[in-house]
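This report concerns only the one structure given below.
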Amino acid sequence: MTMFATEREFTLPMGYLDDDGTLHRDGVMRLATAADELEPLKDARVQRNSAYLTVILLARVVTRLGTVELVTPKTIEGLFAADLAYLQDLYNELNGGGGSMAVTCPECGHAFEVGRVPVGGS
């Protein structure tokens, strides 16, 4: 039986600076589930501003960030822009968004590359 990793450790480029002035750079992100992608769509903040989907989604899948006990949307809001972009890219890498993939036409057999749409609001 083949196993695959469901979590990935990461190091933020800048780091999350908490209210006490402690810098947190190392963390863990887990693979997203369908619920992770769907549940935030019910959130009023996302309905008012679709860009907020990224914040809620990352708060659900980042399971550890330094010694922060619970990663919340407020934690993600406090990230520097470079760190938010880094986590969005990592999310898409882990969950198959973005990039391209090889496909073959079932009619003629011609092989070509198609782009994939990034998931997670990025």
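Residues are named by chain letter and number: chains run A, B, ... in the order of the structure tokens, numbers start at 1 in each chain, and ligands are numbered from 1 in the order shown.
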Q | For Leu31 (chain A): contacts at 8 Å, only C-alpha atoms, fewer than 6 positions along chain excluded, given as a PyMOL selection string | A | chain A and resi 6-7+61+91+94-95
Take the residues just selected and output them with all heavy atoms as a PDB file, in the first residue's frame.
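Full text of out.pdb as output:
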ATOM      1  N   THR A   6       0.455  13.856   4.356  1.00  0.00           N
ATOM      2  CA  THR A   6      -0.735  14.705   4.456  1.00  0.00           C
ATOM      3  C   THR A   6      -0.409  16.047   5.101  1.00  0.00           C
ATOM      4  O   THR A   6      -1.286  16.890   5.232  1.00  0.00           O
ATOM      5  CB  THR A   6      -1.841  14.017   5.276  1.00  0.00           C
ATOM      6  OG1 THR A   6      -1.347  13.736   6.581  1.00  0.00           O
ATOM      7  CG2 THR A   6      -2.292  12.727   4.602  1.00  0.00           C
ATOM      8  N   GLU A   7       0.840  16.235   5.493  1.00  0.00           N
ATOM      9  CA  GLU A   7       1.274  17.493   6.093  1.00  0.00           C
ATOM     10  C   GLU A   7       2.632  17.877   5.520  1.00  0.00           C
ATOM     11  O   GLU A   7       3.398  17.026   5.099  1.00  0.00           O
ATOM     12  CB  GLU A   7       1.429  17.355   7.614  1.00  0.00           C
ATOM     13  CG  GLU A   7       0.144  17.130   8.352  1.00  0.00           C
ATOM     14  CD  GLU A   7       0.365  17.100   9.863  1.00  0.00           C
ATOM     15  OE1 GLU A   7       1.449  16.686  10.311  1.00  0.00           O
ATOM     16  OE2 GLU A   7      -0.568  17.482  10.565  1.00  0.00           O
ATOM     17  N   VAL A  61      -6.092  25.120   7.509  1.00  0.00           N
ATOM     18  CA  VAL A  61      -5.103  24.113   7.123  1.00  0.00           C
ATOM     19  C   VAL A  61      -3.719  24.318   7.733  1.00  0.00           C
ATOM     20  O   VAL A  61      -2.913  23.389   7.724  1.00  0.00           O
ATOM     21  CB  VAL A  61      -4.986  23.975   5.581  1.00  0.00           C
ATOM     22  CG1 VAL A  61      -6.306  23.524   4.987  1.00  0.00           C
ATOM     23  CG2 VAL A  61      -4.488  25.252   4.943  1.00  0.00           C
ATOM     24  N   TYR A  91      -0.102  26.147  -0.367  1.00  0.00           N
ATOM     25  CA  TYR A  91      -1.431  25.525  -0.407  1.00  0.00           C
ATOM     26  C   TYR A  91      -1.702  24.960  -1.805  1.00  0.00           C
ATOM     27  O   TYR A  91      -2.133  23.821  -1.964  1.00  0.00           O
ATOM     28  CB  TYR A  91      -2.503  26.544  -0.027  1.00  0.00           C
ATOM     29  CG  TYR A  91      -3.889  25.965  -0.076  1.00  0.00           C
ATOM     30  CD1 TYR A  91      -4.479  25.430   1.058  1.00  0.00           C
ATOM     31  CD2 TYR A  91      -4.606  25.925  -1.265  1.00  0.00           C
ATOM     32  CE1 TYR A  91      -5.744  24.865   1.011  1.00  0.00           C
ATOM     33  CE2 TYR A  91      -5.869  25.365  -1.327  1.00  0.00           C
ATOM     34  CZ  TYR A  91      -6.437  24.841  -0.184  1.00  0.00           C
ATOM     35  OH  TYR A  91      -7.682  24.273  -0.237  1.00  0.00           O
ATOM     36  N   LEU A  94       0.501  21.905  -2.554  1.00  0.00           N
ATOM     37  CA  LEU A  94       0.064  20.709  -1.838  1.00  0.00           C
ATOM     38  C   LEU A  94      -1.245  20.148  -2.365  1.00  0.00           C
ATOM     39  O   LEU A  94      -1.457  18.936  -2.360  1.00  0.00           O
ATOM     40  CB  LEU A  94      -0.124  21.016  -0.347  1.00  0.00           C
ATOM     41  CG  LEU A  94       1.119  21.197   0.485  1.00  0.00           C
ATOM     42  CD1 LEU A  94       0.750  21.594   1.898  1.00  0.00           C
ATOM     43  CD2 LEU A  94       1.945  19.938   0.491  1.00  0.00           C
ATOM     44  N   ASN A  95      -2.132  21.022  -2.800  1.00  0.00           N
ATOM     45  CA  ASN A  95      -3.491  20.606  -3.155  1.00  0.00           C
ATOM     46  C   ASN A  95      -3.753  20.577  -4.652  1.00  0.00           C
ATOM     47  O   ASN A  95      -4.908  20.484  -5.073  1.00  0.00           O
ATOM     48  CB  ASN A  95      -4.496  21.502  -2.426  1.00  0.00           C
ATOM     49  CG  ASN A  95      -4.427  21.280  -0.930  1.00  0.00           C
ATOM     50  OD1 ASN A  95      -4.876  20.256  -0.438  1.00  0.00           O
ATOM     51  ND2 ASN A  95      -3.836  22.225  -0.207  1.00  0.00           N
TER      52      ASN A  95
END
Could you write out, as a PyMOL selection string, all the residues of chain A that DSSP marks as strand (DSSP E or B)? chain A and resi 7-17+23-30+62-65+68+100-104+111-115
Let me see the file: selected residues, N, CA and C atoms, as a CSV table (one decimal), in the first residue's frame.
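Here's the written file again_19.csv:
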chain,number,residue,atom,x,y,z
A,7,GLU,N,0.8,16.2,5.5
A,7,GLU,CA,1.3,17.5,6.1
A,7,GLU,C,2.6,17.9,5.5
A,8,ARG,N,2.9,19.2,5.5
A,8,ARG,CA,4.2,19.7,5.1
A,8,ARG,C,4.7,20.7,6.1
A,9,GLU,N,5.9,20.6,6.5
A,9,GLU,CA,6.5,21.6,7.3
A,9,GLU,C,7.0,22.8,6.4
A,10,PHE,N,7.0,24.0,7.0
A,10,PHE,CA,7.4,25.1,6.2
A,10,PHE,C,8.1,26.1,7.1
A,11,THR,N,8.8,27.1,6.5
A,11,THR,CA,9.4,28.2,7.2
A,11,THR,C,9.0,29.5,6.4
A,12,LEU,N,8.3,30.3,7.1
A,12,LEU,CA,7.9,31.6,6.5
A,12,LEU,C,9.1,32.5,6.1
A,13,PRO,N,9.0,33.2,5.0
A,13,PRO,CA,10.1,34.1,4.6
A,13,PRO,C,10.4,35.2,5.6
A,14,MET,N,9.3,35.7,6.2
A,14,MET,CA,9.4,36.9,7.1
A,14,MET,C,9.1,36.4,8.6
A,15,GLY,N,7.9,35.8,8.8
A,15,GLY,CA,7.5,35.4,10.1
A,15,GLY,C,6.4,36.1,10.6
A,16,TYR,N,5.6,35.4,11.5
A,16,TYR,CA,4.4,36.0,12.1
A,16,TYR,C,4.9,36.7,13.4
A,17,LEU,N,4.6,37.9,13.6
A,17,LEU,CA,5.0,38.7,14.8
A,17,LEU,C,3.8,38.7,15.7
A,23,LEU,N,8.6,36.3,17.2
A,23,LEU,CA,8.5,36.0,15.8
A,23,LEU,C,8.4,34.5,15.6
A,24,HIS,N,7.4,34.1,14.8
A,24,HIS,CA,7.1,32.6,14.6
A,24,HIS,C,7.3,32.4,13.1
A,25,ARG,N,8.2,31.5,12.7
A,25,ARG,CA,8.5,31.3,11.3
A,25,ARG,C,8.2,29.8,10.9
A,26,ASP,N,8.4,28.9,11.8
A,26,ASP,CA,8.2,27.5,11.4
A,26,ASP,C,6.8,27.0,11.6
A,27,GLY,N,6.3,26.2,10.7
A,27,GLY,CA,4.9,25.7,10.9
A,27,GLY,C,4.6,24.5,10.1
A,28,VAL,N,3.4,24.1,10.1
A,28,VAL,CA,2.9,22.9,9.4
A,28,VAL,C,1.6,23.2,8.7
A,29,MET,N,1.5,22.8,7.5
A,29,MET,CA,0.2,22.9,6.8
A,29,MET,C,-0.2,21.4,6.4
A,30,ARG,N,-1.5,21.2,6.5
A,30,ARG,CA,-2.0,19.9,6.1
A,30,ARG,C,-2.8,20.0,4.8
A,62,VAL,N,-3.4,25.5,8.2
A,62,VAL,CA,-2.2,25.7,9.0
A,62,VAL,C,-2.4,25.2,10.4
A,63,THR,N,-1.8,24.1,10.7
A,63,THR,CA,-2.0,23.4,12.0
A,63,THR,C,-1.0,23.8,13.1
A,64,ARG,N,0.1,24.4,12.7
A,64,ARG,CA,1.1,24.9,13.6
A,64,ARG,C,1.8,26.1,13.1
A,65,LEU,N,2.0,27.1,13.9
A,65,LEU,CA,2.9,28.2,13.5
A,65,LEU,C,3.7,28.6,14.7
A,68,VAL,N,2.4,29.4,18.5
A,68,VAL,CA,1.0,29.9,18.5
A,68,VAL,C,0.1,28.7,18.8
A,100,SER,N,0.5,23.3,-14.6
A,100,SER,CA,-0.1,22.7,-15.8
A,100,SER,C,0.0,21.2,-15.7
A,101,MET,N,-0.7,20.5,-16.5
A,101,MET,CA,-0.7,19.0,-16.5
A,101,MET,C,-0.8,18.5,-18.0
A,102,ALA,N,-0.2,17.4,-18.2
A,102,ALA,CA,-0.3,16.8,-19.6
A,102,ALA,C,-1.6,16.0,-19.7
A,103,VAL,N,-2.2,16.2,-20.9
A,103,VAL,CA,-3.5,15.5,-21.2
A,103,VAL,C,-3.4,15.0,-22.6
A,104,THR,N,-4.2,14.0,-22.9
A,104,THR,CA,-4.2,13.4,-24.2
A,104,THR,C,-5.6,13.5,-24.7
A,111,ALA,N,-1.2,14.8,-27.6
A,111,ALA,CA,-0.8,15.1,-26.2
A,111,ALA,C,-0.5,16.6,-26.1
A,112,PHE,N,-1.0,17.3,-25.1
A,112,PHE,CA,-0.7,18.7,-24.9
A,112,PHE,C,-0.8,19.1,-23.4
A,113,GLU,N,-0.3,20.3,-23.1
A,113,GLU,CA,-0.4,20.8,-21.7
A,113,GLU,C,-1.6,21.7,-21.5
A,114,VAL,N,-2.2,21.6,-20.4
A,114,VAL,CA,-3.3,22.5,-20.0
A,114,VAL,C,-3.0,23.1,-18.7
A,115,GLY,N,-3.4,24.4,-18.5
A,115,GLY,CA,-3.2,25.0,-17.2
A,115,GLY,C,-4.3,24.6,-16.2
>> According to DSSP computed on the backbone, where in region 6-66 of chain A is there helix (DSSP H, G or I)? Give the residues as a PyMOL selection string.
In response: chain A and resi 34-42+44-48+52-61
Between A:Gly78, A:Pro73, A:Gly66, A:Gly21, which is the closest to Pro40 (chain A) once you count only C-alpha atoms?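 Selected residue with least distance to Pro40 (chain A): A:Pro73.
You can rank A:Leu38, A:Cys108, A:Met3, A:Val55 by their closest distance to Ala85 (chain A) using only C-alpha atoms, and at the top of that list sits A:Val55.
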Here CA of Glu39 (chain A) and CA of Arg60 (chain A) stand apart by 10.1 Å
Pairwise distance for CA of Ala5 (chain A) and CA of Leu58 (chain A), rounded to one decimal in Å =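 Value for the CA of Ala5 (chain A)-CA of Leu58 (chain A) distance: 18.1 Å.
Atom pair CA of Leu53 (chain A) / CA of Phe80 (chain A): separated by 17.1 Å.
The closest residue to Thr67 (chain A), picked from A:Gln88, A:Asp18, A:Phe4, A:Pro106 and counting only C-alpha atoms, is A:Asp18.
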